[in-house]
Amino acid sequence: MSHASLPTGRRPLAKVPELAAHYGVPEKTIHRWHQTQTGAGALMFRVGKYLRARWDDIDRYDAEQAGRRRAA
């Protein structure tokens with residue numbers, strides 16, 4: 001399914017390389033986060049043998065982390 005054919009408002013699931021680029025960390029770090037259920041890795045799930053995350057969940061996590069930094 002191409003991005004253009006996705007229902008309105010839906011984005012493709014985030015892949016490990018995309019998350020690594022988003023956070024500026026190596027792909028190994030994304031895998032470690034998933035294994036230890038820390039950071040954004042707690043939001044990831046398997047689709048077959050591949051790790052994926054919903055961009056809406058990632059955006060929400062990022063906003064929560066930014067809010068915590070401001071409150072500290």
# chains A, B, ... in the order shown; residues from 1 in each chain; ligands from 1
$ select_by_dssp --residues "chain A" --states "helix (DSSP H, G or I)" --output "number ranges by chain"
A: 3-5, 16-23, 27-36, 39-43, 55-71
$ residues_around --residues "range 21-35 of chain A" --least-positions-apart "5" --cutoff "12 Å" --atoms "only C-alpha atoms" --output "PyMOL selection string"
chain A and resi 14-16+40-46+50-53+55+58-59+61-62
$ write_last_selection --atoms "C-alpha atoms" --output "CSV table (one decimal), in the first residue's frame"
chain,number,residue,atom,x,y,z
A,14,ALA,CA,7.8,3.7,11.6
A,15,LYS,CA,10.7,1.3,10.8
A,16,VAL,CA,13.9,0.9,12.8
A,40,ALA,CA,10.6,4.8,22.8
A,41,GLY,CA,11.3,1.1,22.5
A,42,ALA,CA,8.4,0.4,24.9
A,43,LEU,CA,6.1,1.6,22.1
A,44,MET,CA,7.5,-0.8,19.5
A,45,PHE,CA,5.9,-4.1,18.4
A,46,ARG,CA,6.7,-6.9,16.0
A,50,TYR,CA,10.1,-6.6,11.9
A,51,LEU,CA,9.9,-4.0,14.6
A,52,ARG,CA,7.5,-1.2,14.0
A,53,ALA,CA,5.9,1.7,15.9
A,55,TRP,CA,4.1,7.6,14.5
A,58,ILE,CA,6.2,8.3,18.9
A,59,ASP,CA,4.9,11.9,18.6
A,61,TYR,CA,6.1,10.0,23.6
A,62,ASP,CA,8.3,12.9,22.3
$ atom_distance --atom1 "CA of Arg68 in chain A" --atom2 "CA of Arg11 in chain A"
26.4 Å
$ select_by_dssp --residues "chain A" --states "strand (DSSP E or B)" --output "number ranges by chain"
A: 14-15, 45-47, 50-53
